[in-house]
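Below: query22.cif (mmCIF, C-alpha atoms and all ligand atoms)
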```cif
data_protein
#
loop_
_atom_site.label_atom_id
_atom_site.label_comp_id
_atom_site.auth_asym_id
_atom_site.auth_seq_id
_atom_site.Cartn_x
_atom_site.Cartn_y
_atom_site.Cartn_z
CA MET T 1 164.60 97.11 93.69
CA THR T 2 163.92 97.16 89.95
CA GLN T 3 166.25 97.30 87.01
CA LYS T 4 166.09 97.27 83.26
CA LEU T 5 167.77 94.24 81.80
CA ASN T 6 169.77 94.53 78.63
CA THR T 7 167.69 92.77 75.99
CA GLU T 8 170.40 93.03 73.37
CA ASN T 9 171.70 89.99 75.12
CA ILE T 10 170.27 87.40 72.75
CA GLU T 11 170.99 84.58 75.18
CA ASP T 12 168.28 86.00 77.40
CA ASN T 13 165.52 85.32 74.83
CA PHE T 14 163.88 82.04 73.89
CA PRO T 15 164.52 81.45 70.16
CA SER T 16 161.04 80.39 69.04
CA LEU T 17 158.99 82.86 71.11
CA PRO T 18 158.32 86.59 70.84
CA PRO T 19 160.93 88.42 72.95
CA PHE T 20 160.31 89.66 76.46
CA PRO T 21 159.95 93.46 76.20
CA ASP T 22 162.67 95.77 77.49
CA ASN T 23 160.37 98.51 78.76
CA VAL T 24 158.94 96.75 81.80
CA SER T 25 160.41 96.62 85.29
CA THR T 26 161.94 93.33 86.31
CA ALA T 27 163.11 91.83 89.59
CA PRO T 28 166.92 91.73 89.84
CA LEU T 29 167.03 88.16 91.11
CA LEU T 30 170.38 86.55 91.83
CA ARG T 31 171.57 84.01 89.28
CA LEU T 32 172.98 81.03 91.13
CA SER T 33 174.78 78.15 89.49
CA LEU T 34 173.88 74.52 90.07
CA GLY T 35 177.41 73.52 89.08
CA LYS T 36 178.90 75.73 91.80
CA LEU T 37 176.44 74.49 94.42
CA LEU T 38 177.22 70.90 93.50
CA ALA T 39 180.94 71.67 93.73
CA GLY T 40 180.39 72.92 97.29
CA GLU T 41 181.52 76.51 96.61
CA THR T 42 181.02 78.37 99.86
CA ALA T 43 180.44 81.74 98.17
CA GLU T 44 177.54 80.19 96.25
CA TYR T 45 176.13 78.74 99.48
CA GLU T 46 176.23 82.23 100.96
CA ARG T 47 174.38 83.68 97.94
CA LEU T 48 171.71 81.01 98.29
CA PHE T 49 171.26 81.90 101.94
CA GLN T 50 171.09 85.63 101.16
CA ALA T 51 168.51 85.11 98.41
CA SER T 52 166.41 83.05 100.83
CA VAL T 53 166.46 85.80 103.44
CA ASP T 54 166.09 88.80 101.10
CA ILE T 55 163.44 87.73 98.62
CA GLY T 56 163.04 83.96 98.56
CA PHE T 57 163.34 83.87 94.76
CA PHE T 58 166.38 83.26 92.57
CA TYR T 59 167.41 81.88 89.19
CA LEU T 60 169.30 78.62 89.08
CA ASP T 61 171.52 78.15 86.04
CA LEU T 62 171.18 74.51 85.04
CA GLN T 63 173.54 74.61 82.08
CA ASP T 64 176.80 74.02 83.90
CA SER T 65 176.23 70.50 85.20
CA GLU T 66 175.18 67.16 83.80
CA HIS T 67 172.33 66.94 86.29
CA GLY T 68 171.05 70.38 85.31
CA ASN T 69 171.19 69.66 81.59
CA SER T 70 169.29 66.45 82.01
CA LEU T 71 166.58 68.27 83.99
CA LEU T 72 166.38 70.93 81.26
CA SER T 73 165.89 68.24 78.67
CA ASP T 74 163.14 66.58 80.76
CA ALA T 75 161.47 69.98 81.16
CA ASP T 76 161.57 70.51 77.36
CA ASP T 77 159.85 67.17 76.85
CA LEU T 78 157.23 67.96 79.50
CA PHE T 79 156.41 71.30 77.88
CA GLN T 80 155.44 69.35 74.77
CA ILE T 81 153.51 66.79 76.78
CA GLY T 82 151.71 69.64 78.57
CA GLU T 83 150.58 71.12 75.25
CA ARG T 84 149.11 67.78 74.21
CA LEU T 85 147.51 67.27 77.60
CA PHE T 86 145.55 70.53 77.45
CA GLU T 87 144.46 69.86 73.87
CA LEU T 88 142.22 67.05 75.13
CA PRO T 89 138.50 67.83 75.03
CA LEU T 90 137.18 69.57 78.12
CA GLU T 91 134.83 66.67 78.98
CA GLU T 92 137.76 64.33 79.13
CA LYS T 93 139.87 66.69 81.23
CA MET T 94 136.97 67.17 83.65
CA ARG T 95 137.01 63.45 84.38
CA TYR T 96 140.34 64.02 86.09
CA ASP T 97 139.10 66.77 88.42
CA PHE T 98 139.28 65.01 91.80
CA SER T 99 138.54 68.05 93.95
CA ALA T 100 135.18 66.63 95.06
CA GLN T 101 137.26 63.94 96.82
CA ASN T 102 139.23 66.64 98.61
CA SER T 103 142.23 66.08 96.37
CA TYR T 104 144.03 68.82 94.50
CA PHE T 105 145.71 66.37 92.14
CA GLY T 106 144.43 66.14 88.58
CA TYR T 107 142.73 68.78 86.48
CA LYS T 108 141.54 72.25 87.43
CA GLY T 109 139.49 74.02 84.77
CA GLN T 110 139.82 77.68 83.92
CA GLY T 111 137.79 80.14 86.01
CA VAL T 112 137.02 77.98 89.06
CA ALA T 113 139.17 79.86 91.57
CA VAL T 114 138.95 83.46 92.73
CA VAL T 115 142.04 85.57 92.19
CA ASP T 116 141.22 88.45 94.53
CA LYS T 117 138.92 89.68 97.27
CA SER T 118 136.43 91.03 94.71
CA GLY T 119 135.81 87.53 93.40
CA ASN T 120 137.39 87.84 89.93
CA LEU T 121 138.11 84.42 88.46
CA ASP T 122 141.36 82.83 87.34
CA ARG T 123 142.33 82.53 83.69
CA ASN T 124 144.35 79.37 83.50
CA GLU T 125 144.09 75.59 83.55
CA PHE T 126 146.20 73.35 85.77
CA TYR T 127 147.00 69.69 85.80
CA ASN T 128 148.63 68.50 89.03
CA VAL T 129 150.51 65.20 89.01
CA SER T 130 151.39 63.59 92.32
CA LYS T 131 154.97 62.54 93.07
CA ASP T 132 153.78 59.59 95.12
CA ASP T 133 151.48 58.31 92.39
CA THR T 134 154.24 58.65 89.79
CA LEU T 135 156.85 56.93 91.97
CA GLY T 136 154.40 54.14 92.81
CA ILE T 137 154.23 54.79 96.58
CA SER T 138 150.55 55.74 96.71
CA ASP T 139 147.38 54.66 94.93
CA ARG T 140 147.31 55.42 91.27
CA LEU T 141 144.83 58.06 90.16
CA PRO T 142 143.14 57.70 86.77
CA ALA T 143 145.11 59.70 84.19
CA PRO T 144 144.82 60.45 80.47
CA ASP T 145 146.97 58.39 78.10
CA VAL T 146 149.26 61.29 77.33
CA LEU T 147 150.36 61.26 80.98
CA HIS T 148 150.10 57.55 81.54
CA ASN T 149 152.35 56.84 78.56
CA ASN T 150 154.91 59.33 79.80
CA ARG T 151 155.26 58.15 83.38
CA GLU T 152 158.98 57.50 82.90
CA LYS T 153 159.55 61.06 81.78
CA LEU T 154 157.53 62.38 84.72
CA ARG T 155 159.49 60.17 87.08
CA SER T 156 162.76 61.44 85.72
CA PHE T 157 161.65 65.08 86.06
CA ILE T 158 160.43 64.45 89.61
CA ASN T 159 163.66 62.76 90.62
CA GLY T 160 165.76 65.49 89.02
CA SER T 161 163.77 68.29 90.65
CA HIS T 162 163.64 66.57 94.01
CA ALA T 163 167.43 66.18 93.97
CA ILE T 164 167.81 69.93 93.46
CA VAL T 165 165.40 70.61 96.31
CA THR T 166 167.41 68.26 98.54
CA LEU T 167 170.61 70.10 97.68
CA ILE T 168 169.03 73.47 98.48
CA LEU T 169 167.69 72.13 101.79
CA GLN T 170 171.12 70.74 102.69
CA VAL T 171 172.80 74.06 102.03
CA LEU T 172 170.20 76.01 104.00
CA ASN T 173 170.36 73.48 106.86
CA ASP T 174 174.09 73.99 106.95
CA LYS T 175 173.87 77.80 106.83
CA LEU T 176 171.33 77.77 109.67
CA ALA T 177 173.56 75.36 111.61
CA LEU T 178 170.57 73.13 112.28
CA PRO T 179 171.26 69.56 113.43
CA LYS T 180 172.41 67.54 110.43
CA ASP T 181 169.68 66.54 107.95
CA THR T 182 166.88 68.31 109.85
CA LEU T 183 165.34 69.73 106.68
CA THR T 184 166.00 66.81 104.34
CA ASN T 185 164.54 64.34 106.86
CA MET T 186 161.22 66.15 106.51
CA HIS T 187 161.35 65.88 102.69
CA ARG T 188 162.29 62.29 101.96
CA ARG T 189 161.51 61.36 98.40
CA GLN T 190 160.02 58.01 99.34
CA ALA T 191 157.75 59.43 102.07
CA ILE T 192 154.13 60.46 101.50
CA SER T 193 153.84 64.16 100.73
CA GLY T 194 151.94 66.66 98.62
CA ASP T 195 154.86 67.01 96.19
CA GLN T 196 153.63 67.48 92.67
CA VAL T 197 154.34 68.47 89.11
CA ARG T 198 152.01 71.18 87.79
CA PHE T 199 151.32 71.84 84.13
CA ILE T 200 149.76 75.26 83.45
CA LYS T 201 148.15 76.71 80.35
CA ALA T 202 146.91 80.29 80.02
CA PRO T 203 145.43 81.23 76.63
CA PRO T 204 146.00 84.73 75.20
CA GLN T 205 143.55 87.21 76.70
CA PRO T 206 141.50 89.79 74.76
CA ILE T 207 143.69 92.79 74.04
CA ASP T 208 141.33 95.17 75.84
CA ASP T 209 140.81 92.94 78.86
CA ARG T 210 144.14 91.57 80.05
CA ARG T 211 144.01 90.63 83.69
CA THR T 212 145.60 88.50 86.34
CA ALA T 213 145.53 84.87 85.23
CA LEU T 214 146.66 83.43 88.58
CA GLY T 215 145.95 85.47 91.71
CA GLN T 216 148.60 86.66 94.13
CA HIS T 217 149.78 84.00 96.52
CA THR T 218 152.70 82.47 98.29
CA ASP T 219 153.48 78.84 97.50
CA PHE T 220 152.22 76.41 100.12
CA GLY T 221 155.19 74.11 100.38
CA SER T 222 158.95 74.32 100.88
CA VAL T 223 160.80 74.81 97.59
CA THR T 224 159.35 75.41 94.12
CA VAL T 225 161.25 74.68 90.91
CA LEU T 226 159.63 76.64 88.09
CA PHE T 227 160.20 76.64 84.34
CA ASN T 228 158.95 79.74 82.51
CA ARG T 229 159.26 80.69 78.86
CA LEU T 230 156.85 83.55 78.33
CA GLY T 231 156.77 86.37 80.86
CA GLY T 232 153.80 87.07 83.08
CA LEU T 233 155.11 85.95 86.45
CA GLN T 234 155.37 88.94 88.77
CA VAL T 235 156.67 89.31 92.31
CA LEU T 236 155.86 91.93 94.93
CA PRO T 237 159.08 92.99 96.64
CA PRO T 238 159.00 93.58 100.42
CA GLY T 239 157.78 96.84 101.93
CA ALA T 240 154.53 98.79 102.03
CA GLU T 241 155.36 100.93 98.97
CA ALA T 242 156.50 98.04 96.77
CA GLU T 243 155.14 97.60 93.23
CA TRP T 244 154.74 94.44 91.17
CA VAL T 245 157.68 93.63 88.90
CA TYR T 246 158.09 90.93 86.27
CA VAL T 247 160.39 87.97 86.56
CA ARG T 248 162.07 87.70 83.20
CA PRO T 249 162.22 84.07 82.02
CA LEU T 250 165.81 83.00 81.22
CA PRO T 251 166.69 80.09 78.92
CA GLY T 252 168.66 77.35 80.66
CA HIS T 253 167.53 78.45 84.11
CA ALA T 254 164.90 77.39 86.59
CA ILE T 255 163.28 79.96 88.84
CA ILE T 256 163.43 78.74 92.42
CA ASN T 257 161.31 80.11 95.23
CA LEU T 258 160.65 79.25 98.83
CA GLY T 259 157.17 78.51 100.16
CA ASP T 260 155.24 78.97 103.40
CA ALA T 261 156.77 75.97 105.15
CA MET T 262 160.23 77.56 105.04
CA VAL T 263 158.82 80.76 106.54
CA LYS T 264 157.20 78.82 109.34
CA PHE T 265 160.25 76.62 110.00
CA THR T 266 162.44 79.72 110.29
CA ASN T 267 159.85 81.95 111.99
CA GLY T 268 160.08 84.50 109.19
CA LEU T 269 163.86 84.49 108.61
CA PHE T 270 163.33 83.12 105.10
CA ARG T 271 160.83 84.69 102.72
CA SER T 272 158.10 83.10 100.67
CA ASN T 273 157.54 85.91 98.25
CA ILE T 274 154.11 86.93 97.03
CA HIS T 275 153.75 86.36 93.31
CA ARG T 276 151.05 86.18 90.66
CA VAL T 277 150.74 85.62 86.94
CA ALA T 278 149.60 88.54 84.78
CA ALA T 279 149.08 88.39 81.02
CA PRO T 280 152.48 88.09 79.33
CA PRO T 281 153.87 91.59 78.65
CA GLY T 282 154.06 93.34 75.26
CA ILE T 283 153.68 91.24 72.13
CA GLN T 284 154.04 88.09 74.24
CA GLY T 285 150.43 88.74 75.29
CA ASP T 286 149.22 87.29 71.97
CA SER T 287 150.71 83.86 72.68
CA THR T 288 149.50 80.97 74.82
CA ARG T 289 151.51 80.75 78.01
CA TYR T 290 152.55 77.34 79.28
CA SER T 291 154.54 76.75 82.41
CA LEU T 292 155.84 73.80 84.33
CA VAL T 293 156.42 73.54 88.06
CA TYR T 294 157.71 71.11 90.64
CA PHE T 295 156.43 71.83 94.13
CA ALA T 296 158.27 70.20 97.03
CA ARG T 297 156.34 70.12 100.28
CA PRO T 298 157.10 68.76 103.72
CA GLU T 299 155.95 65.18 104.30
CA ASP T 300 152.24 65.03 105.13
CA ASP T 301 152.56 64.67 108.91
CA VAL T 302 155.23 67.35 109.45
CA MET T 303 153.99 70.13 111.74
CA LEU T 304 154.53 73.56 110.24
CA ARG T 305 156.17 75.37 113.12
CA ARG T 306 159.42 76.97 114.15
CA LEU T 307 162.36 74.58 114.22
CA ASP T 308 164.52 74.26 117.30
CA GLY T 309 168.28 74.05 117.10
CA SER T 310 169.45 77.16 115.24
CA ASN T 311 170.53 80.44 116.82
CA LEU T 312 169.70 82.24 113.60
CA ILE T 313 166.00 81.41 113.75
CA PRO T 314 164.24 84.16 115.70
CA PRO T 315 162.44 83.04 118.87
CA ILE T 316 158.67 83.07 119.13
CA GLU T 317 157.77 86.49 120.46
CA ASP T 318 155.62 87.03 123.54
CA GLY T 319 152.03 86.89 122.45
CA GLN T 320 152.85 85.22 119.10
CA VAL T 321 150.81 82.03 118.73
CA GLU T 322 151.85 79.33 116.30
CA GLU T 323 148.98 77.55 114.60
CA GLU T 324 148.93 73.75 115.15
CA ILE T 325 148.69 72.47 111.61
CA ASN T 326 150.42 69.75 109.64
CA SER T 327 151.63 69.97 106.08
CA LYS T 328 148.78 67.94 104.60
CA ASP T 329 145.99 70.04 106.15
CA TRP T 330 147.75 73.29 105.32
CA ILE T 331 148.05 72.37 101.65
CA ILE T 332 144.44 71.24 101.31
CA ARG T 333 143.18 74.41 102.95
CA ARG T 334 145.31 76.58 100.73
CA ALA T 335 144.80 74.64 97.49
CA LEU T 336 141.05 74.22 97.62
CA GLY T 337 139.96 77.14 99.84
CA ARG T 338 139.40 79.55 96.93
CA ARG T 339 137.50 77.25 94.58
CA VAL T 340 134.07 78.65 93.75
CA ASP T 341 132.86 75.18 92.77
CA LEU T 342 133.70 73.73 96.19
CA VAL T 343 133.39 76.42 98.84
CA LYS T 344 130.09 78.25 99.30
CA ASP T 345 131.26 81.36 101.13
CA ILE T 346 134.89 81.82 100.30
CA ASP T 347 136.86 83.33 103.16
CA TYR T 348 139.74 84.83 101.19
CA GLU T 349 141.87 85.54 104.25
CA LYS T 350 141.36 82.12 105.81
CA SER T 351 142.93 80.37 102.85
CA ALA T 352 145.86 82.79 102.81
CA GLY T 353 149.47 81.81 103.50
CA THR T 354 152.40 83.73 104.94
CA GLU T 355 151.85 86.81 102.74
CA GLN T 356 151.83 89.35 105.55
CA MET T 357 154.97 87.97 107.14
CA SER T 358 156.69 87.96 103.80
CA ARG T 359 155.83 91.53 102.98
CA ARG T 360 157.73 92.52 106.11
CA ILE T 361 155.13 95.13 107.00
CA LYS T 362 154.42 95.40 110.71
CA VAL T 363 150.70 95.53 111.40
O1 LIG F 1 153.21 79.99 85.93
C1 LIG F 1 153.99 80.57 86.67
O2 LIG F 1 154.94 81.22 86.24
C2 LIG F 1 153.83 80.53 88.17
C3 LIG F 1 152.82 79.56 88.67
C4 LIG F 1 152.63 79.62 90.14
O3 LIG F 1 153.01 80.56 90.80
C5 LIG F 1 151.98 78.50 90.84
O4 LIG F 1 151.44 77.61 90.17
O5 LIG F 1 152.03 78.49 92.09
FE FE F 2 153.18 80.02 92.88
#
```
Structure rendered as structure tokens:
Amino acid sequence: MTQKLNTENIEDNFPSLPPFPDNVSTAPLLRLSLGKLLAGETAEYERLFQASVDIGFFYLDLQDSEHGNSLLSDADDLFQIGERLFELPLEEKMRYDFSAQNSYFGYKGQGVAVVDKSGNLDRNEFYNVSKDDTLGISDRLPAPDVLHNNREKLRSFINGSHAIVTLILQVLNDKLALPKDTLTNMHRRQAISGDQVRFIKAPPQPIDDRRTALGQHTDFGSVTVLFNRLGGLQVLPPGAEAEWVYVRPLPGHAIINLGDAMVKFTNGLFRSNIHRVAAPPGIQGDSTRYSLVYFARPEDDVMLRRLDGSNLIPPIEDGQVEEEINSKDWIIRRALGRRVDLVKDIDYEKSAGTEQMSRRIKV
């Protein structure tokens, strides 16, 4: 499952950052091409389907299409905006923590969420920006000037990411032979959903105390579009004996992964792989790690259960009970369930996602 990548390949390093080390194990994710998907190449469709079944994570090369290049340029701009955002004084950032109103949009300070069953705390800050707020289809939340003044850029990034998600959903819909537009009709851009942009900052950790910055989890939604520059992201491949491996960041590529909703829709055919963020490996550990994410989620009122209409989706087994929960409630439970500032007795398992299903270990 692991391989050593050839780091003599300069193209695989980001020019202004310390290089990703060559002595750590990395996940051999498929590299798909947006250009080929857009051109309707059936072999690329098949690779997308395979990646969704096997690991639920893949690279998407954005350099071979106009759409991809414009998204890369928006992501570059948002990395800079993210740096400025987190430079604001803590008191100001705290004003945008809306969790007391049961909202996971806005700011999350460092160390307010547990990363494991022992209660260790996270080591990163988030700022979550709502799609619906940015596109003007829901109430506007207060926001710092650095975001407010860059709403156009955010909108462009959201539209660009959402279009990629739509394409992925169309291809998977087709491969599953579901009735036309089944998946995309549950992810309409103009409908109310928990879709969001997330800015993340993790400062360098003390050299003798480098730990998990973001605890192991599966993503709550459908499709995640992630931009990484420094390493640190790790995935746990399927199987009881599996060990954590790094996902090497690649210039010009997004990392795409599937979330819990896709596992539930397909009753476990697709994987939502467990991942976490460790301190960046090697000399990268001395740098501040920023990352940028677009999370696409089903519309708020979509029930997260097996879809009818595809012979490839396994049937519900005798004795298997599907939980009755919609997308909105699922996301709130998962996003806020591990916050020490909100929940008195955290039930780590209760706020879990589809981890067990994704590990493909029979219990
Ligand atoms: O920062 C990263 O690379 C991953 C972040 C992540 O997994 C998340 O926010 O859900
Ligand atoms: Fe994640």
_What residues of the protein or nucleic acid chains come within 9 Å of ligand LIG 1 (chain F) when you use only C-alpha atoms and all ligand atoms? Reply as a ChimeraX atom specification._
/T:126,198-202,214-220,224,226-234,247,249,255,274-277,289-293,295
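The gap separating CA of Val245 in chain T from CA of Leu29 in chain T is 11.1 Å, in Å to one decimal.
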*Starting from the point (153.5, 81.3, 102.1), work out which residues of protein, DNA or RNA have an atom no more than 12 Å away when counting only C-alpha atoms; state them as a ChimeraX atom specification.*
/T:56,216-224,257-265,267-268,270-275,297,304,330-331,334-335,351-359
*Restricting the calculation to all atoms listed in the file, which member of T:Ile81, T:Ser156, T:Ile192, T:Asn124 is positioned closest to Pro144 in chain T?*
T:Ile81
Output, as JSON, the centre and edge lengths in Å (one decimal) of the axis-aligned box that contains all listed atoms of range 19-23 of chain T with 6 Å of margin on each side.
```
{"center_x": 161.3, "center_y": 93.5, "center_z": 75.9, "size_x": 14.7, "size_y": 22.1, "size_z": 17.8}
```
_Quick check, in Å to one decimal: how far apart do CA of Ala296 in chain T and CA of Gly194 in chain T lie?_
7.4 Å
*Do you have the CA of Gln110 in chain T-CA of Arg123 in chain T distance handy?*
5.5 Å
Selection: 7 Å around Ser310 in chain T, only C-alpha atoms, excl. self and same-chain fewer than 5 positions, as a PDB file with C-alpha atoms, in the coordinates of the input:
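Saved the output as out-v2.pdb:
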```pdb
ATOM      1  CA  LEU T 176     171.330  77.770 109.670  1.00  0.00           C
ATOM      2  CA  ALA T 177     173.560  75.360 111.610  1.00  0.00           C
ATOM      3  CA  LEU T 178     170.570  73.130 112.280  1.00  0.00           C
TER       4      LEU T 178
END
```
*Hey, what's within 12 Å of Arg47 in chain T if we count all atoms listed in the file and toss same-chain stuff fewer than 2 positions away? As a PyMOL selection string, please?*
chain T and resi 29-33+36-37+41-45+49-60+168+171-172+175
Mind checking which residues fall within 6 Å of Tyr294 in chain T, counting all atoms listed in the file, ignoring those fewer than 4 positions away in the same chain, and posting them as a PDB file with C-alpha atoms, in the frame of the given file?
```
ATOM      1  CA  GLN T 196     153.630  67.480  92.670  1.00  0.00           C
ATOM      2  CA  VAL T 197     154.340  68.470  89.110  1.00  0.00           C
ATOM      3  CA  THR T 224     159.350  75.410  94.120  1.00  0.00           C
ATOM      4  CA  VAL T 225     161.250  74.680  90.910  1.00  0.00           C
TER       5      VAL T 225
END
```
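Minimum atom-to-atom distance to Phe20 in chain T, evaluated using all atoms listed in the file, belongs to T:Ser287 out of T:Asn173, T:Ser70, T:Ser327, T:Ser287.
Distances to ligand FE 2 (chain F) were evaluated for T:Ile316, T:Ile332, T:Ile256, T:Val302 using only C-alpha atoms and all ligand atoms, and the minimum falls at T:Ile256.
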*Closest to ligand FE 2 (chain F) among T:Ala39, T:Asn159, T:Ser103, T:Val235, using all atoms listed in the file?*
T:Val235
*Hey, which of T:Val129, T:Ala213, T:Gly252, T:Lys108 ends up closest to ligand FE 2 (chain F)? Count all atoms listed in the file.*
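Ranking T:Val129, T:Ala213, T:Gly252, T:Lys108 by distance to ligand FE 2 (chain F), first place goes to T:Ala213.
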*Enumerate, as a list of chain:residue names, the protein, DNA and RNA residues whose atoms approach (173.5, 70.8, 83.7) to within 12 Å, taking into account all atoms listed in the file and the coordinate frame of the file.*
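Selection result: T:Ser33, T:Leu34, T:Gly35, T:Lys36, T:Leu37, T:Leu38, T:Leu60, T:Asp61, T:Leu62, T:Gln63, T:Asp64, T:Ser65, T:Glu66, T:His67, T:Gly68, T:Asn69, T:Ser70, T:Leu71, T:Leu72, T:Ser73, T:Asp74, T:Gly160, T:Ile164, T:Gly252, T:His253, T:Ala254.
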*For Ala191 in chain T, which residue among T:Asp77, T:Asp133, T:Arg155, T:Glu125 is the nearest when counting only C-alpha atoms?*
T:Asp133
Regenerate range 163-177 of chain T at the level of N, CA and C atoms and dump it as a CSV table (one decimal), in the frame of the given file.
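Wrote it out as out27.csv, contents follow:
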```csv
chain,number,residue,atom,x,y,z
T,163,ALA,N,166.0,66.2,93.6
T,163,ALA,CA,167.4,66.2,94.0
T,163,ALA,C,167.9,67.6,94.1
T,164,ILE,N,167.4,68.5,93.3
T,164,ILE,CA,167.8,69.9,93.5
T,164,ILE,C,167.2,70.5,94.8
T,165,VAL,N,166.0,70.1,95.1
T,165,VAL,CA,165.4,70.6,96.3
T,165,VAL,C,166.2,70.1,97.5
T,166,THR,N,166.6,68.8,97.4
T,166,THR,CA,167.4,68.3,98.5
T,166,THR,C,168.7,69.0,98.7
T,167,LEU,N,169.4,69.4,97.6
T,167,LEU,CA,170.6,70.1,97.7
T,167,LEU,C,170.4,71.5,98.3
T,168,ILE,N,169.3,72.2,97.9
T,168,ILE,CA,169.0,73.5,98.5
T,168,ILE,C,168.8,73.3,100.0
T,169,LEU,N,168.0,72.3,100.4
T,169,LEU,CA,167.7,72.1,101.8
T,169,LEU,C,169.0,71.8,102.6
T,170,GLN,N,169.9,71.1,102.0
T,170,GLN,CA,171.1,70.7,102.7
T,170,GLN,C,171.9,72.0,102.9
T,171,VAL,N,172.0,72.8,101.9
T,171,VAL,CA,172.8,74.1,102.0
T,171,VAL,C,172.2,75.0,103.1
T,172,LEU,N,170.9,75.1,103.0
T,172,LEU,CA,170.2,76.0,104.0
T,172,LEU,C,170.3,75.5,105.4
T,173,ASN,N,170.2,74.1,105.6
T,173,ASN,CA,170.4,73.5,106.9
T,173,ASN,C,171.7,73.8,107.5
T,174,ASP,N,172.7,73.7,106.6
T,174,ASP,CA,174.1,74.0,107.0
T,174,ASP,C,174.3,75.5,107.4
T,175,LYS,N,173.7,76.4,106.5
T,175,LYS,CA,173.9,77.8,106.8
T,175,LYS,C,173.2,78.2,108.1
T,176,LEU,N,172.1,77.5,108.4
T,176,LEU,CA,171.3,77.8,109.7
T,176,LEU,C,172.0,77.1,110.9
T,177,ALA,N,172.9,76.2,110.6
T,177,ALA,CA,173.6,75.4,111.6
T,177,ALA,C,172.5,74.6,112.4
```
